[in-house]
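Colleague: Let me give you the structure first, and then I'll get to my questions.
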Amino acid sequence: MDTKAYIESGIIESCVLGLASAEEAAELELLMHQHTDIKNAVDDFAASIEQQVLQNAIIPPAQVKDKLMRLLSGEFSAEKNVANPAPVIPFEDKKIDTAKIISIWKYAAAASIIFLIASAALNFYYYGKYNSVKNDYQALLTERNTLQANNDIFKTKLNDVNESIRLMADPVMEAVKMNAVPGKEGSLATVYWNTKTKDVYLLQNNLPQTPADKQYQLWAIVDGKPVSAGVISDCNGLCKLNNIPKAQAFAITLEKKGGSDSPTLTAMFVIGNV
Amino acid sequence: MPETLKYTEAELVQTLKQRSQQAFAYLYDNYSGALYSIVLSIIADKELSSDVLQEVFVKIWRQMDSYDADKGRLFTWMINIARNASIDTLRSKSYQNSKQNRELTEAVYDAGGNTVTNIDRIGLRKIIHTLRDEYSALIELSYFQGYTQEEISKIMDIPLGTVKTRLRGALIQLREIVKK
């Protein structure tokens, strides 16, 4: 018989998969006993199908086994009871129980130690984290305070400027522009003189920076004589100076700190007539 | 699985024939997953499939005396019991009735994703889909739906001779694939 042709016919596969007719299956069974290579071909294919099926196994729900064991419980042989006579069972059970309890405690102790170590490690980790967060928080707090302080400064400056604008815009204000004298070109300052209250305000449009030991001083020229209207200190916008009831002109000189009794005429910067 | 076998196949068969509960538990633990995949590849419904799996193990247990190692390997024999039981369920009147209901609610089941499995991804079916179309259609009808070659000839409207030739061609190709 040509076993090779038979092996390549596909009959073996259809028999293994249960697709062949009863006659084909019976014929194969007969041939398997006569020809080793046919038997091997059957075994090979069956083994590879089994392998495939095993590889693709899907775990069934657990209750299937429980149900089966209950369903078939009456059909199992009594082999266990024969092998272990009744009196022995409780004794064995007791021994197993003691061993079990000891091993449970062992596991519990091991678990506690592992838990303790893990907990300690976590403590270190979180303490480090806590410190770094605390530092970050301090830095943020400082930054916030600086910003708040800057904000206050700007607010004050803005208030001063607003106040100055309000004063300058007042219709009772008379503006006296003081221009640079020869040698001090570029300098410019303006006196805002309240015609009702006679209060004097000064706007330094453009005056050079004073040396550390000197200050500008405003003079009112009253009937040809200079009268001090006060020294000019750092101020935002308009600087309020002394009340001057009457004047024909205003001038600014650079004087020693705190002001002088009479102006140093060589250090005059600006002058303007009312 | 094979690596952890503590019974040889002959020992397992012998102890099963002696009605050993331990041997049965062993058989279940080692082969239930594989047989469940066979059932699932034929019946998509998981709940129904576990009922069929239970029936399969009852059959294996009760037919153990009729198992003859000379006729084939134990596991191959069990696979065929699983396939036959699944196809019987597929063909049963109650299944056909429930199928009509199920088709109406198929979208709902699919959305839930846990009652009906995508059977194309299961076990042998996965391999069958790698075969040529004309081959996979034939194996689908014969192996997974249990039609005879005569029935397939009528369904596909091709001569019986062609069905036979093609089915054998398909099986030879399948053999080459599973050999790897």
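Order determines the names: the first chain of the structure tokens is A, the second B, and so forth; residues in each chain are numbered 1 upward, and ligands are numbered 1 upward as they are shown.
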With a distance cut-off of 7 Å and only C-alpha atoms, select the neighbouring residues of segment 48-63 of chain B, excluding the residue or stretch itself and same-chain residues fewer than 6 positions from it, and output the selection as a PyMOL selection string.
Modeller: (chain A and resi 60+64+68) or (chain B and resi 36+39-40+78+81-82+85-86)
Colleague: So which residues touch segment 191-194 of chain A within 12 Å, counting only C-alpha atoms, skipping near sequence neighbours fewer than 3 positions away, as a compact mmCIF listing (two decimals) with C-alpha atoms, in the first residue's frame?
Modeller:
```txt
# COMPACT_ATOMS: atom_id res chain seq x y z
CA SER A 164 -0.33 116.58 41.77
CA ILE A 165 -2.45 116.34 38.62
CA ARG A 166 -5.51 117.42 40.61
CA LEU A 167 -3.63 120.48 41.97
CA MET A 168 -2.21 121.49 38.60
CA ALA A 169 -5.59 121.26 36.98
CA ASP A 170 -7.22 123.47 39.62
CA PRO A 171 -8.35 126.78 37.93
CA VAL A 172 -7.18 128.86 40.95
CA MET A 173 -3.59 127.69 40.33
CA GLU A 174 -1.26 130.16 38.61
CA ALA A 175 1.67 128.53 36.85
CA VAL A 176 4.95 130.45 36.96
CA LYS A 177 7.45 129.00 34.53
CA MET A 178 11.07 129.49 35.60
CA ASN A 179 13.59 129.33 32.77
CA LEU A 188 13.44 124.22 33.98
CA THR A 197 -4.64 130.39 49.64
CA LYS A 198 -1.24 131.60 48.40
CA ASP A 199 0.17 128.07 48.87
CA VAL A 200 3.23 127.38 46.73
CA TYR A 201 3.94 124.12 44.95
CA LEU A 202 6.97 123.33 42.84
CA LEU A 203 7.36 121.03 39.87
CA GLN A 204 10.96 120.18 39.00
CA ASN A 205 10.63 119.81 35.23
CA LEU A 218 13.10 128.31 46.23
CA TRP A 219 13.07 132.08 46.62
CA ALA A 220 10.23 134.49 46.18
CA ALA A 229 10.03 129.68 50.23
CA GLY A 237 5.21 115.15 41.58
CA LEU A 238 4.57 118.53 43.23
CA CYS A 239 6.47 119.61 46.33
CA LYS A 240 4.53 121.78 48.74
CA LEU A 241 6.63 124.73 49.97
CA ASN A 242 6.06 127.79 52.19
CA ASN A 243 3.02 130.00 51.82
CA ILE A 244 3.98 133.21 49.93
CA PRO A 245 1.31 135.96 50.17
CA LYS A 246 2.94 138.22 47.62
CA ALA A 247 5.73 137.93 45.01
CA GLN A 248 6.82 139.36 41.67
CA ALA A 249 9.17 136.55 40.72
CA PHE A 250 10.47 133.09 41.80
CA ALA A 251 14.00 131.63 41.52
CA ILE A 252 15.90 128.52 42.53
CA VAL A 270 16.21 129.18 37.06
CA ILE A 271 14.14 132.35 37.47
CA GLY A 272 10.68 133.37 36.27
CA ASN A 273 8.39 136.39 36.67
CA VAL A 274 4.87 136.07 37.92
```
Colleague: For chain A against chain B, with a cut-off of 8 Å and counting only C-alpha atoms, what is the closest atom pair and its distance in Å to one decimal for every residue that makes the cut, ordered by chain and number, as a tab-separated table?
Modeller:
```
residue	atom	partner	partner_atom	distance
A:Glu8	CA	B:Ile172	CA	7.2
A:Ser9	CA	B:Arg168	CA	6.6
A:Gly10	CA	B:Arg168	CA	4.6
A:Ile11	CA	B:Arg168	CA	7.1
A:Glu13	CA	B:Leu171	CA	6.1
A:Ser14	CA	B:Leu171	CA	7.0
A:Val16	CA	B:Thr76	CA	7.2
A:Leu17	CA	B:Asn80	CA	6.9
A:Gly18	CA	B:Asn80	CA	6.3
A:Leu19	CA	B:Tyr143	CA	6.9
A:Glu29	CA	B:Lys71	CA	6.2
A:Asp43	CA	B:Arg73	CA	7.7
A:Phe45	CA	B:Arg175	CA	6.6
A:Ala46	CA	B:Thr76	CA	6.3
A:Ser48	CA	B:Val178	CA	5.7
A:Ile49	CA	B:Val178	CA	6.6
A:Glu50	CA	B:Thr76	CA	6.7
A:Gln52	CA	B:Val178	CA	7.0
A:Val53	CA	B:Ala34	CA	5.4
A:Leu54	CA	B:Ala34	CA	4.9
A:Gln55	CA	B:Ala34	CA	7.7
A:Asn56	CA	B:Gly123	CA	4.9
A:Ala57	CA	B:Ala34	CA	4.0
A:Ile58	CA	B:Gly33	CA	4.6
A:Ile59	CA	B:Gly33	CA	4.6
A:Pro60	CA	B:Gly33	CA	6.0
A:Pro61	CA	B:Ser50	CA	7.1
A:Val64	CA	B:Gln54	CA	6.1
A:Lys65	CA	B:Tyr28	CA	7.5
A:Lys67	CA	B:Gln54	CA	7.9
A:Leu68	CA	B:Gln54	CA	6.4
A:Leu72	CA	B:Val58	CA	7.7
A:Glu75	CA	B:Arg19	CA	7.1
A:Phe76	CA	B:Arg19	CA	5.1
A:Ser77	CA	B:Arg19	CA	5.2
A:Glu79	CA	B:Ser20	CA	7.2
```
Colleague: Can you work out the spacing between atom CA of Glu150 of chain B and atom CA of Ala25 of chain A in Å, to one decimal?
Modeller: 17.7 Å
Colleague: List every residue of segment 114-163 of chain B that DSSP, applied to the backbone of this structure, places in alpha helix (DSSP H), and write the result as a list in words.
Modeller: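 Of segment 114-163 of chain B, only Gly123, Leu124, Arg125, Lys126, Ile127, Ile128, Asp133, Glu134, Tyr135, Ser136, Ala137, Leu138, Ile139, Gln149, Glu150, Glu151, Ile152, Ser153, Lys154, Ile155, Met156, Leu160, Gly161, Thr162 and Val163 of chain B fall in alpha helix (DSSP H).
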Colleague: What does the distance between atom CA of Lys257 of chain A and atom CA of Asp213 of chain A come to in Å, to one decimal place?
Modeller: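 If I compute the distance from atom CA of Lys257 of chain A to atom CA of Asp213 of chain A, I get 5.5 Å.
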Colleague: Please measure the separation of atom CA of Asp45 of chain B and atom CA of His129 of chain B, giving the value in Å to one decimal.
Modeller: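 Interatomic distance, atom CA of Asp45 of chain B to atom CA of His129 of chain B: 20.2 Å.
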